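Colleague: One file is attached below, entry-v9.cif, containing mmCIF, C-alpha atoms.
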```
data_model
#
loop_
_atom_site.group_PDB
_atom_site.id
_atom_site.type_symbol
_atom_site.label_atom_id
_atom_site.label_comp_id
_atom_site.auth_asym_id
_atom_site.auth_seq_id
_atom_site.Cartn_x
_atom_site.Cartn_y
_atom_site.Cartn_z
ATOM 1 C CA MET A 1 -28.532 -13.760 8.591
ATOM 2 C CA GLY A 2 -25.629 -15.745 10.028
ATOM 3 C CA ALA A 3 -22.432 -15.353 11.971
ATOM 4 C CA MET A 4 -18.783 -16.057 11.243
ATOM 5 C CA VAL A 5 -16.151 -16.902 13.858
ATOM 6 C CA GLY A 6 -12.432 -17.046 13.089
ATOM 7 C CA LEU A 7 -10.870 -20.355 14.171
ATOM 8 C CA GLU A 8 -7.275 -19.974 13.007
ATOM 9 C CA PHE A 9 -5.216 -17.759 10.721
ATOM 10 C CA TRP A 10 -1.683 -17.812 9.395
ATOM 11 C CA VAL A 11 -0.165 -14.690 7.822
ATOM 12 C CA ARG A 12 3.150 -14.161 6.029
ATOM 13 C CA PHE A 13 4.415 -10.653 5.343
ATOM 14 C CA ARG A 14 6.510 -10.648 2.164
ATOM 15 C CA ARG A 15 7.106 -6.966 1.429
ATOM 16 C CA PRO A 16 5.986 -3.559 2.692
ATOM 17 C CA ILE A 17 2.837 -1.780 1.590
ATOM 18 C CA TYR A 18 2.994 2.006 1.684
ATOM 19 C CA ALA A 19 0.175 4.309 2.813
ATOM 20 C CA ASP A 20 -0.398 5.802 -0.658
ATOM 21 C CA GLU A 21 -0.557 2.446 -2.502
ATOM 22 C CA THR A 22 -3.704 0.983 -3.992
ATOM 23 C CA ILE A 23 -3.996 -2.657 -2.932
ATOM 24 C CA ARG A 24 -6.154 -5.624 -3.852
ATOM 25 C CA LEU A 25 -7.365 -8.102 -1.240
ATOM 26 C CA GLU A 26 -8.286 -11.575 -2.538
ATOM 27 C CA TRP A 27 -9.783 -14.577 -0.686
ATOM 28 C CA LEU A 28 -10.303 -18.007 -2.233
ATOM 29 C CA VAL A 29 -12.561 -20.643 -0.656
ATOM 30 C CA ILE A 30 -10.597 -23.906 -0.649
ATOM 31 C CA ARG A 31 -13.022 -26.242 1.125
ATOM 32 C CA VAL A 32 -16.359 -26.155 2.960
ATOM 33 C CA THR A 33 -16.949 -28.935 5.485
ATOM 34 C CA PRO A 34 -20.286 -29.294 7.324
ATOM 35 C CA ASN A 35 -19.894 -29.670 11.102
ATOM 36 C CA GLU A 36 -23.026 -30.859 12.929
ATOM 37 C CA LYS A 37 -21.464 -30.506 16.382
ATOM 38 C CA LEU A 38 -20.821 -26.786 15.830
ATOM 39 C CA ASN A 39 -24.075 -26.329 13.883
ATOM 40 C CA GLY A 40 -22.394 -24.799 10.853
ATOM 41 C CA ASP A 41 -19.737 -25.119 8.173
ATOM 42 C CA ILE A 42 -15.957 -24.948 8.536
ATOM 43 C CA VAL A 43 -14.626 -22.881 5.636
ATOM 44 C CA GLU A 44 -10.936 -23.070 4.676
ATOM 45 C CA LEU A 45 -9.607 -19.962 2.946
ATOM 46 C CA ARG A 46 -6.461 -18.749 1.204
ATOM 47 C CA GLY A 47 -5.885 -15.081 0.690
ATOM 48 C CA ARG A 48 -3.410 -12.437 -0.276
ATOM 49 C CA ILE A 49 -2.905 -8.727 -0.555
ATOM 50 C CA ARG A 50 -1.427 -7.626 -3.844
ATOM 51 C CA ALA A 51 0.378 -4.311 -4.087
ATOM 52 C CA GLN A 52 -0.005 -1.823 -6.900
ATOM 53 C CA ASP A 53 2.683 -3.583 -8.972
ATOM 54 C CA GLY A 54 0.774 -6.894 -8.727
ATOM 55 C CA GLN A 55 3.257 -8.588 -6.392
ATOM 56 C CA THR A 56 1.972 -10.407 -3.323
ATOM 57 C CA ALA A 57 2.770 -8.372 -0.209
ATOM 58 C CA VAL A 58 0.877 -10.525 2.322
ATOM 59 C CA GLY A 59 -0.132 -14.184 2.063
ATOM 60 C CA ALA A 60 -2.697 -15.782 4.384
ATOM 61 C CA LYS A 61 -4.541 -19.004 5.205
ATOM 62 C CA GLY A 62 -7.475 -19.334 7.535
ATOM 63 C CA ARG A 63 -10.375 -21.377 8.850
ATOM 64 C CA VAL A 64 -13.693 -19.892 9.916
ATOM 65 C CA LEU A 65 -16.955 -21.286 11.250
ATOM 66 C CA VAL A 66 -20.037 -20.027 9.410
ATOM 67 C CA THR A 67 -23.285 -20.652 11.282
ATOM 68 C CA ASP A 68 -26.916 -19.522 11.432
ATOM 69 C CA ARG A 69 -26.584 -18.929 15.177
ATOM 70 C CA LEU A 70 -26.211 -15.330 16.279
#
```
Have the structure of the file written as structure tokens, please.
Modeller:
Amino acid sequence: MGAMVGLEFWVRFRRPIYADETIRLEWLVIRVTPNEKLNGDIVELRGRIRAQDGQTAVGAKGRVLVTDRL
């Protein structure tokens, strides 16, 4: 079992999402870079939330540290 720590995130809101909408959250792993100093891997991600009509309502990028340390 490991741990994940958020390092940085960027979010862009493109359109509203209403309370009764069904949404889809998608994350894509762009790159995984081992980091010996932090004893884990830096994972770069791109994500989005798609509204019911399929349009992107929120776009995001992020970097997280994934490690075996708890």
Colleague: Have a look at CA of Leu25 (chain A) and CA of Gln55 (chain A) and let me know their distance in Å, one decimal.
Modeller: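 Those two atoms sit 11.8 Å apart.
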Colleague: Might you spell out which residues the PyMOL selection byres ((chain A and resi 48) around 6) would select in the displayed file, as a list in words?
Modeller: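 Residues picked by the PyMOL selection byres ((chain A and resi 48) around 6): Leu25, Glu26, Gly47, Ile49, Val58, Gly59 and Ala60 of chain A.
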Colleague: Please identify all polymer residues within 12 Å of Asp20 (chain A), counting all atoms listed in the file, omitting same-chain residues fewer than 3 positions from it, and present them as a PyMOL selection string.
Modeller: chain A and resi 16-17+23+51-52
Colleague: Nearest to Asn39 (chain A): which of A:Asp68, A:Glu8, A:Arg63, A:Gly2 is it, counting only C-alpha atoms?
Modeller: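 The shortest atom-to-atom distance to Asn39 (chain A) comes from A:Asp68.
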Colleague: Taking the file as shown, what set of residues would the PyMOL selection byres ((chain A and resi 32) around 12) give back, as a PyMOL selection string?
Modeller: chain A and resi 28-31+33-35+40-45+63-66
Colleague: From the options A:Arg24, A:Ala3, A:Trp10, A:Arg15, which residue's atoms come nearest to Ala57 (chain A), counting only C-alpha atoms?
Modeller: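 Distance minimum relative to Ala57 (chain A) lands on A:Arg15.
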Colleague: Report the distance between CA of Gly6 (chain A) and CA of Thr67 (chain A) in Å, rounded to one decimal place.
Modeller: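 Between CA of Gly6 (chain A) and CA of Thr67 (chain A) the gap is 11.6 Å.
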Colleague: One decimal, Å: what's the distance from CA of Glu36 (chain A) over to CA of Met4 (chain A), could you say?
Modeller: 15.5 Å
Colleague: Please, what is the axis-aligned box for every listed atom of region 51-55 of chain A with 8 Å on each side, as centre and edge lengths in Å to one decimal, as lines of an AutoDock Vina configuration file?
Modeller:
```
center_x = 1.6
center_y = -5.2
center_z = -6.5
size_x = 19.3
size_y = 22.8
size_z = 20.9
```
